[in-house]
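Structure first, commentary second.
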Amino acid sequence: MAGCGNDGGSGSGGLDVGIVLPTKDETRWVQDETRFQEALADSDYSTEILFSQGSSAKEKENVETLISKGMDVLIIAPHDGAAAGAAVEAAKDEGIPVISYDRLITDTDALDYYVTFDSVAVGEAQGQYLVDNAEGDGIPLYLYAGAASDNNAFLFFEGAWKALQPKIADGTFVIANSSAAEGLKDKAELDRQEIGSIVGQLTTNWDPNEAKNKAETHLTSAGPDLKGDVSVLAPNDGTARAISDVFASDGAVTSYTITGQDADMASIQYIIDGKQTMTVFKDVRTLVEDAMGMAVDIIDGNTPETTATYDNGSMEVKAKQTDVIVVDQDNVKAELIDSGYYEASDFTGLE
């Protein structure tokens with residue numbers, strides 16, 4: 001557990017903002033913790049950050065702990081979007097406004113706001129990158145997805161399919177590793193159940209080891225016609241590095257274009273080294289600022305600004321979306337070093 005901010009607070013004597021993040025075992029969420037701490041370093045609002053460590057039960061316990069400390073607003077990135085309903089309902093029962101952070105909490109009306117990157121746009125950027133870098137036709141396309149428990153995984157895949165499907169239908173790409181996707185290749189728009197059938201086959205659960213095992217299984221069963229120059233839709237940076245290592249070790253794979261997202265430091269080094277092709281940069285600084293700005297508006301009695309709504313299965317959740325940026329070797333320095341997100345000294349071989 002990490003605390004940040006100070007005890008100046010808003011005069012209520014309790015905790016102003018409670019923040020619950022899914023796990024410390026993924027680089028992404030440790031980065032978010034750091035960004036929250038940086039954003040709140042000079043804040044007069046008291047805050048506390050707790051990690052759920054991949055457990056919905058721990059997540060609910062964390063929320064209850066923060067409620068007991070007199071929390072005014074809850075910011076929560078759920079481990080499991082549906083299972084988190086019980087946690088946020090406990091907060092709502094106490095009259096505490098809830099902001100769903102990055103991942104949408106589903107099937108509950110105990111939400112007030114959602115702060116997110118445009119997840120469909122993330123997937124579309126990944127898919128479009130593969131399309132833009134495709135040469136010739138009959139290119140083997142390996143598809144991977146995030147966790148079926150994460151609503152974002154569906155949105156990412158929806159966006160990727162939007163970009164990829166026309167080029168699958170016209171023969172530019174040949175699906176290499178999903179019978180479910182193959183069966184739907186002529187359908188431009190998929191419903192949630194159809195996306196679920198593909199995600200169910202290709203889920204990595206955001207786990208690099210699971211991604212590695214899946215990639216190894218797929219390449220072991222693939223014939224020579226599904227190797228050579230290939231394209232790979234990897235859902236995030238952690239899985240991208242694991243999948244990349246597997247494809248790089250297969251002598252029959254002559255080249256691969258592989259996507260990612262989150263701009264993990266390790267993946268930026270992979271991009272510099274030519275081992276990962278791109279990442280979708282989601283500037284967590286902006287997302288944190290949006291979330292904290294929303295929380296402060298609520299505490300101060302103001303109505304937060306929103307730009308979209310998301311259907312979570314029970315309600316239309318008012319949301320604020322943050323733009324995303326495609327990063328590859330061509331612009332990695334401009335987007336990540338010159339912007340101050342990372343230091344040049346964090347990497348080797350950066351020109």
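Starting from 1 in every chain, residues are counted up; chains themselves are A, B, ... following the order of the structure tokens, and ligands are numbered from 1 as listed.
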
For region 53-126 of chain A versus region 303-325 of chain A, which residues have an atom no more than 9 Å away, and what is each residue's nearest atom pair and distance in Å rounded to one decimal, using only C-alpha atoms, chain-then-number order, as JSON lines?
```
{"residue": "A:Leu104", "atom": "CA", "partner": "A:Asn312", "partner_atom": "CA", "distance": 7.1}
{"residue": "A:Ile105", "atom": "CA", "partner": "A:Asn312", "partner_atom": "CA", "distance": 6.8}
{"residue": "A:Thr106", "atom": "CA", "partner": "A:Asn312", "partner_atom": "CA", "distance": 4.5}
{"residue": "A:Asp107", "atom": "CA", "partner": "A:Gly313", "partner_atom": "CA", "distance": 4.8}
{"residue": "A:Thr108", "atom": "CA", "partner": "A:Ser314", "partner_atom": "CA", "distance": 5.4}
{"residue": "A:Asp109", "atom": "CA", "partner": "A:Ser314", "partner_atom": "CA", "distance": 5.7}
{"residue": "A:Leu111", "atom": "CA", "partner": "A:Val317", "partner_atom": "CA", "distance": 7.0}
{"residue": "A:Asp112", "atom": "CA", "partner": "A:Val317", "partner_atom": "CA", "distance": 6.7}
{"residue": "A:Tyr113", "atom": "CA", "partner": "A:Lys318", "partner_atom": "CA", "distance": 5.1}
{"residue": "A:Tyr114", "atom": "CA", "partner": "A:Ala319", "partner_atom": "CA", "distance": 4.5}
{"residue": "A:Val115", "atom": "CA", "partner": "A:Lys320", "partner_atom": "CA", "distance": 5.0}
{"residue": "A:Thr116", "atom": "CA", "partner": "A:Gln321", "partner_atom": "CA", "distance": 5.1}
{"residue": "A:Phe117", "atom": "CA", "partner": "A:Thr322", "partner_atom": "CA", "distance": 4.6}
{"residue": "A:Asp118", "atom": "CA", "partner": "A:Gln321", "partner_atom": "CA", "distance": 5.7}
{"residue": "A:Ser119", "atom": "CA", "partner": "A:Val324", "partner_atom": "CA", "distance": 8.9}
{"residue": "A:Ala121", "atom": "CA", "partner": "A:Val324", "partner_atom": "CA", "distance": 7.5}
{"residue": "A:Val122", "atom": "CA", "partner": "A:Val324", "partner_atom": "CA", "distance": 6.7}
{"residue": "A:Ala125", "atom": "CA", "partner": "A:Ile325", "partner_atom": "CA", "distance": 8.4}
```

Write the residues you've just listed into a file as a compact mmCIF listing (two decimals), in the first residue's frame, and include C-alpha atoms for each of them.
```txt
# COMPACT_ATOMS: atom_id res chain seq x y z
CA LEU A 104 -15.22 0.25 -17.25
CA ILE A 105 -17.11 -1.37 -14.38
CA THR A 106 -20.06 -3.21 -15.92
CA ASP A 107 -23.55 -4.40 -14.98
CA THR A 108 -24.14 -1.94 -12.13
CA ASP A 109 -25.74 1.48 -11.81
CA LEU A 111 -21.17 4.51 -11.12
CA ASP A 112 -20.99 8.26 -11.56
CA TYR A 113 -18.24 8.79 -14.12
CA TYR A 114 -15.71 7.00 -16.31
CA VAL A 115 -12.26 8.34 -17.23
CA THR A 116 -10.71 6.47 -20.12
CA PHE A 117 -8.61 6.40 -23.21
CA ASP A 118 -10.70 5.81 -26.34
CA SER A 119 -10.29 2.03 -26.27
CA ALA A 121 -9.39 3.97 -31.09
CA VAL A 122 -6.51 2.04 -29.44
CA ALA A 125 -4.66 2.24 -34.30
```

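Note that DSSP on the backbone gives strand (DSSP E) to these residues of region 3-71 of chain A: Gly3, Cys4, Gly5, Val17, Gly18, Ile19, Val20, Leu21, Ser46, Thr47, Glu48, Ile49, Leu50 and Phe51 of chain A.
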
Given the selection you just returned, output its residues as a file containing C-alpha atoms, formatted as a tab-separated table (two decimals), in the first residue's frame.
```tsv
chain	number	residue	atom	x	y	z
A	3	GLY	CA	-0.11	6.74	0.52
A	4	CYS	CA	0.43	10.07	-1.15
A	5	GLY	CA	-0.68	13.67	-0.92
A	17	VAL	CA	-9.80	10.57	-2.60
A	18	GLY	CA	-9.39	6.80	-2.39
A	19	ILE	CA	-7.70	5.13	-5.36
A	20	VAL	CA	-7.86	1.38	-6.04
A	21	LEU	CA	-5.66	-0.12	-8.79
A	46	SER	CA	-5.53	13.70	1.07
A	47	THR	CA	-5.31	10.47	-0.93
A	48	GLU	CA	-4.51	6.81	-0.49
A	49	ILE	CA	-3.69	4.21	-3.16
A	50	LEU	CA	-4.40	0.50	-2.61
A	51	PHE	CA	-3.72	-2.44	-4.94
```

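The list of residues with at least one atom within 10 Å of Gly223 (chain A), based on only C-alpha atoms and without residues fewer than 4 positions apart in the same chain, reads Ala176, His218, Leu219, Lys227 and Ala252 of chain A.
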
Subject >> Thr279 (chain A) surroundings by only C-alpha atoms, 12 Å radius, close-in-sequence under 3 positions cut, as number ranges by chain >> reply: A: 122-123, 125-127, 129-130, 233-241, 257-272, 275-276, 282-283, 324-332, 335-336

Once you have the residues from the selection above, write them out as a compact mmCIF listing (two decimals), in the first residue's frame, restricted to N, CA and C atoms.
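part27.txt was written with the following content:
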```txt
# COMPACT_ATOMS: atom_id res chain seq x y z
N VAL A 122 -7.77 2.76 -29.69
CA VAL A 122 -6.51 2.04 -29.44
C VAL A 122 -6.42 0.84 -30.37
N GLY A 123 -7.46 0.02 -30.38
CA GLY A 123 -7.46 -1.17 -31.23
C GLY A 123 -7.40 -0.82 -32.71
N ALA A 125 -6.02 1.81 -34.00
CA ALA A 125 -4.66 2.24 -34.30
C ALA A 125 -3.73 1.05 -34.49
N GLN A 126 -3.91 0.03 -33.64
CA GLN A 126 -3.10 -1.19 -33.79
C GLN A 126 -3.38 -1.88 -35.12
N GLY A 127 -4.67 -2.08 -35.41
CA GLY A 127 -5.04 -2.75 -36.66
C GLY A 127 -4.60 -1.96 -37.87
N TYR A 129 -2.15 0.08 -38.14
CA TYR A 129 -0.70 0.02 -38.29
C TYR A 129 -0.30 -1.24 -39.06
N LEU A 130 -0.95 -2.35 -38.73
CA LEU A 130 -0.66 -3.60 -39.45
C LEU A 130 -1.07 -3.47 -40.91
N LEU A 233 -1.18 -9.11 -34.09
CA LEU A 233 -1.94 -8.18 -33.25
C LEU A 233 -1.74 -8.62 -31.80
N ALA A 234 -0.87 -7.92 -31.08
CA ALA A 234 -0.67 -8.18 -29.65
C ALA A 234 -1.40 -7.09 -28.89
N PRO A 235 -2.13 -7.43 -27.83
CA PRO A 235 -3.01 -6.44 -27.21
C PRO A 235 -2.33 -5.38 -26.35
N ASN A 236 -1.21 -5.73 -25.71
CA ASN A 236 -0.50 -4.72 -24.91
C ASN A 236 0.99 -5.03 -24.91
N ASP A 237 1.76 -4.17 -24.27
CA ASP A 237 3.21 -4.30 -24.36
C ASP A 237 3.77 -5.53 -23.66
N GLY A 238 3.22 -5.85 -22.50
CA GLY A 238 3.72 -7.03 -21.78
C GLY A 238 3.55 -8.30 -22.60
N THR A 239 2.38 -8.47 -23.21
CA THR A 239 2.16 -9.65 -24.05
C THR A 239 2.95 -9.53 -25.35
N ALA A 240 3.09 -8.31 -25.86
CA ALA A 240 3.82 -8.13 -27.13
C ALA A 240 5.27 -8.60 -27.00
N ARG A 241 5.91 -8.26 -25.89
CA ARG A 241 7.32 -8.67 -25.73
C ARG A 241 7.43 -10.19 -25.66
N THR A 257 5.68 -7.95 -37.96
CA THR A 257 5.21 -6.65 -37.51
C THR A 257 4.29 -6.92 -36.33
N ILE A 258 4.57 -6.30 -35.17
CA ILE A 258 3.80 -6.62 -33.97
C ILE A 258 3.40 -5.34 -33.24
N THR A 259 2.17 -5.33 -32.77
CA THR A 259 1.62 -4.15 -32.09
C THR A 259 1.81 -4.26 -30.58
N GLY A 260 1.43 -3.19 -29.89
CA GLY A 260 1.42 -3.17 -28.43
C GLY A 260 0.65 -1.96 -27.97
N GLN A 261 0.61 -1.75 -26.66
CA GLN A 261 0.07 -0.52 -26.11
C GLN A 261 0.57 -0.35 -24.68
N ASP A 262 0.63 0.87 -24.24
CA ASP A 262 1.00 1.32 -22.89
C ASP A 262 2.35 2.03 -22.85
N ALA A 263 3.17 1.88 -23.88
CA ALA A 263 4.49 2.51 -23.87
C ALA A 263 5.29 2.14 -22.62
N ASP A 264 5.25 0.84 -22.26
CA ASP A 264 6.10 0.35 -21.18
C ASP A 264 7.55 0.66 -21.50
N MET A 265 8.33 0.99 -20.49
CA MET A 265 9.74 1.30 -20.72
C MET A 265 10.46 0.14 -21.42
N ALA A 266 10.16 -1.09 -20.98
CA ALA A 266 10.81 -2.25 -21.59
C ALA A 266 10.44 -2.38 -23.07
N SER A 267 9.21 -2.04 -23.42
CA SER A 267 8.80 -2.13 -24.82
C SER A 267 9.36 -1.00 -25.66
N ILE A 268 9.59 0.15 -25.06
CA ILE A 268 10.25 1.22 -25.81
C ILE A 268 11.66 0.78 -26.18
N GLN A 269 12.33 0.08 -25.27
CA GLN A 269 13.65 -0.46 -25.61
C GLN A 269 13.53 -1.50 -26.72
N TYR A 270 12.48 -2.33 -26.67
CA TYR A 270 12.25 -3.31 -27.74
C TYR A 270 12.03 -2.60 -29.08
N ILE A 271 11.30 -1.50 -29.06
CA ILE A 271 11.05 -0.76 -30.31
C ILE A 271 12.36 -0.18 -30.84
N ILE A 272 13.15 0.41 -29.96
CA ILE A 272 14.46 0.95 -30.37
C ILE A 272 15.31 -0.17 -30.97
N LYS A 275 12.67 -5.06 -31.97
CA LYS A 275 12.04 -6.32 -31.56
C LYS A 275 10.53 -6.19 -31.37
N GLN A 276 10.03 -4.96 -31.25
CA GLN A 276 8.59 -4.68 -31.23
C GLN A 276 8.40 -3.52 -32.19
N LYS A 282 -0.54 5.82 -24.35
CA LYS A 282 -1.64 6.41 -23.62
C LYS A 282 -1.01 7.21 -22.48
N ASP A 283 -1.01 8.51 -22.62
CA ASP A 283 -0.28 9.35 -21.67
C ASP A 283 -1.03 9.35 -20.33
N VAL A 324 -5.10 8.97 -27.92
CA VAL A 324 -3.96 8.06 -27.90
C VAL A 324 -3.03 8.40 -29.07
N ILE A 325 -1.77 7.96 -28.95
CA ILE A 325 -0.74 8.30 -29.94
C ILE A 325 0.02 7.03 -30.34
N VAL A 326 0.16 6.80 -31.64
CA VAL A 326 0.95 5.68 -32.13
C VAL A 326 2.43 6.04 -32.07
N VAL A 327 3.23 5.15 -31.49
CA VAL A 327 4.68 5.37 -31.37
C VAL A 327 5.42 4.21 -32.00
N ASP A 328 6.38 4.53 -32.87
CA ASP A 328 7.30 3.52 -33.42
C ASP A 328 8.70 4.14 -33.46
N GLN A 329 9.60 3.49 -34.18
CA GLN A 329 10.99 4.00 -34.18
C GLN A 329 11.08 5.44 -34.70
N ASP A 330 10.18 5.81 -35.61
CA ASP A 330 10.27 7.12 -36.25
C ASP A 330 9.99 8.28 -35.29
N ASN A 331 9.12 8.07 -34.32
CA ASN A 331 8.73 9.21 -33.47
C ASN A 331 8.90 8.95 -31.98
N VAL A 332 9.59 7.85 -31.64
CA VAL A 332 9.72 7.50 -30.23
C VAL A 332 10.40 8.60 -29.42
N GLU A 335 7.93 11.77 -29.06
CA GLU A 335 6.73 11.57 -28.24
C GLU A 335 7.04 11.23 -26.79
N LEU A 336 8.13 10.50 -26.55
CA LEU A 336 8.35 9.99 -25.20
C LEU A 336 9.53 10.62 -24.47
```

Original post:
Near region 67-70 of chain A, within 9 Å and counting only C-alpha atoms, which residues show up once chain neighbours fewer than 2 positions away are dropped, as number ranges by chain?
Top reply: A: 12-16, 18, 62-65, 72, 74, 90-91, 94, 96

**OP:** For each of A:Ala160, A:Ile175, A:Ala344, A:Val288, take the minimum atom-to-atom distance to Ile195 (chain A), counting only C-alpha atoms, then give the residue where this is smallest.
**Re:** A:Ala160

**OP:** Give me the residues within 12 Å of Asp186 (chain A) as JSON, numbers by chain, counting only C-alpha atoms and dropping any in the same chain fewer than 4 places off.
**Re:** {"A": [161, 162, 164, 165, 166, 167, 168, 169, 170, 171, 175, 180, 181, 182, 190]}

Can I get the selected residues back with N, CA and C atoms, as an mmCIF file, in the first residue's frame?
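Output file selection.cif is given in full below:
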```
data_model
loop_
_atom_site.group_PDB
_atom_site.id
_atom_site.type_symbol
_atom_site.label_atom_id
_atom_site.label_comp_id
_atom_site.auth_asym_id
_atom_site.auth_seq_id
_atom_site.Cartn_x
_atom_site.Cartn_y
_atom_site.Cartn_z
ATOM 1 N N TRP A 161 -10.513 -5.022 -35.305
ATOM 2 C CA TRP A 161 -11.286 -5.715 -36.348
ATOM 3 C C TRP A 161 -11.798 -4.721 -37.389
ATOM 4 N N LYS A 162 -12.199 -3.554 -36.938
ATOM 5 C CA LYS A 162 -12.699 -2.521 -37.847
ATOM 6 C C LYS A 162 -11.649 -2.186 -38.912
ATOM 7 N N LEU A 164 -8.828 -4.169 -39.590
ATOM 8 C CA LEU A 164 -8.259 -5.365 -40.232
ATOM 9 C C LEU A 164 -9.229 -6.093 -41.145
ATOM 10 N N GLN A 165 -10.514 -6.110 -40.790
ATOM 11 C CA GLN A 165 -11.470 -6.982 -41.493
ATOM 12 C C GLN A 165 -11.503 -6.770 -43.011
ATOM 13 N N PRO A 166 -11.519 -5.532 -43.507
ATOM 14 C CA PRO A 166 -11.537 -5.373 -44.967
ATOM 15 C C PRO A 166 -10.329 -6.017 -45.647
ATOM 16 N N LYS A 167 -9.202 -5.984 -44.954
ATOM 17 C CA LYS A 167 -7.981 -6.556 -45.528
ATOM 18 C C LYS A 167 -7.881 -8.067 -45.297
ATOM 19 N N ILE A 168 -8.692 -8.578 -44.372
ATOM 20 C CA ILE A 168 -8.833 -10.029 -44.240
ATOM 21 C C ILE A 168 -9.753 -10.521 -45.348
ATOM 22 N N ALA A 169 -10.845 -9.794 -45.547
ATOM 23 C CA ALA A 169 -11.831 -10.182 -46.560
ATOM 24 C C ALA A 169 -11.252 -10.156 -47.970
ATOM 25 N N ASP A 170 -10.313 -9.212 -48.240
ATOM 26 C CA ASP A 170 -9.783 -9.124 -49.612
ATOM 27 C C ASP A 170 -8.535 -9.977 -49.829
ATOM 28 N N GLY A 171 -8.128 -10.708 -48.782
ATOM 29 C CA GLY A 171 -7.016 -11.642 -48.955
ATOM 30 C C GLY A 171 -5.646 -11.088 -48.632
ATOM 31 N N ILE A 175 -5.964 -15.275 -41.641
ATOM 32 C CA ILE A 175 -5.978 -15.542 -40.202
ATOM 33 C C ILE A 175 -5.285 -16.868 -39.920
ATOM 34 N N ALA A 180 -12.526 -19.126 -34.804
ATOM 35 C CA ALA A 180 -13.660 -18.230 -34.570
ATOM 36 C C ALA A 180 -13.553 -16.989 -35.452
ATOM 37 N N ALA A 181 -12.360 -16.397 -35.522
ATOM 38 C CA ALA A 181 -12.154 -15.229 -36.375
ATOM 39 C C ALA A 181 -12.289 -15.602 -37.842
ATOM 40 N N GLU A 182 -11.787 -16.752 -38.213
ATOM 41 C CA GLU A 182 -11.887 -17.224 -39.603
ATOM 42 C C GLU A 182 -13.351 -17.353 -40.013
ATOM 43 N N LEU A 190 -18.880 -6.861 -35.692
ATOM 44 C CA LEU A 190 -19.169 -8.003 -34.827
ATOM 45 C C LEU A 190 -19.932 -7.534 -33.599
#
```

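With CA of Leu350 (chain A) on one side and CA of Lys333 (chain A) on the other, the separation reads 7.6 Å.
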
**OP:** Please report, as a ChimeraX atom specification, each residue of region 125-157 of chain A to which DSSP assigns alpha helix (DSSP H) when run on this structure's backbone.
**Re:** /A:125-132,151-157

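Here CA of Glu216 (chain A) and CA of Glu135 (chain A) stand 24.9 Å from one another.
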
Original post:
What is the CA of Asp102 (chain A)-CA of Asp42 (chain A) distance in Å, reported with one decimal?
Top reply: 23.7 Å
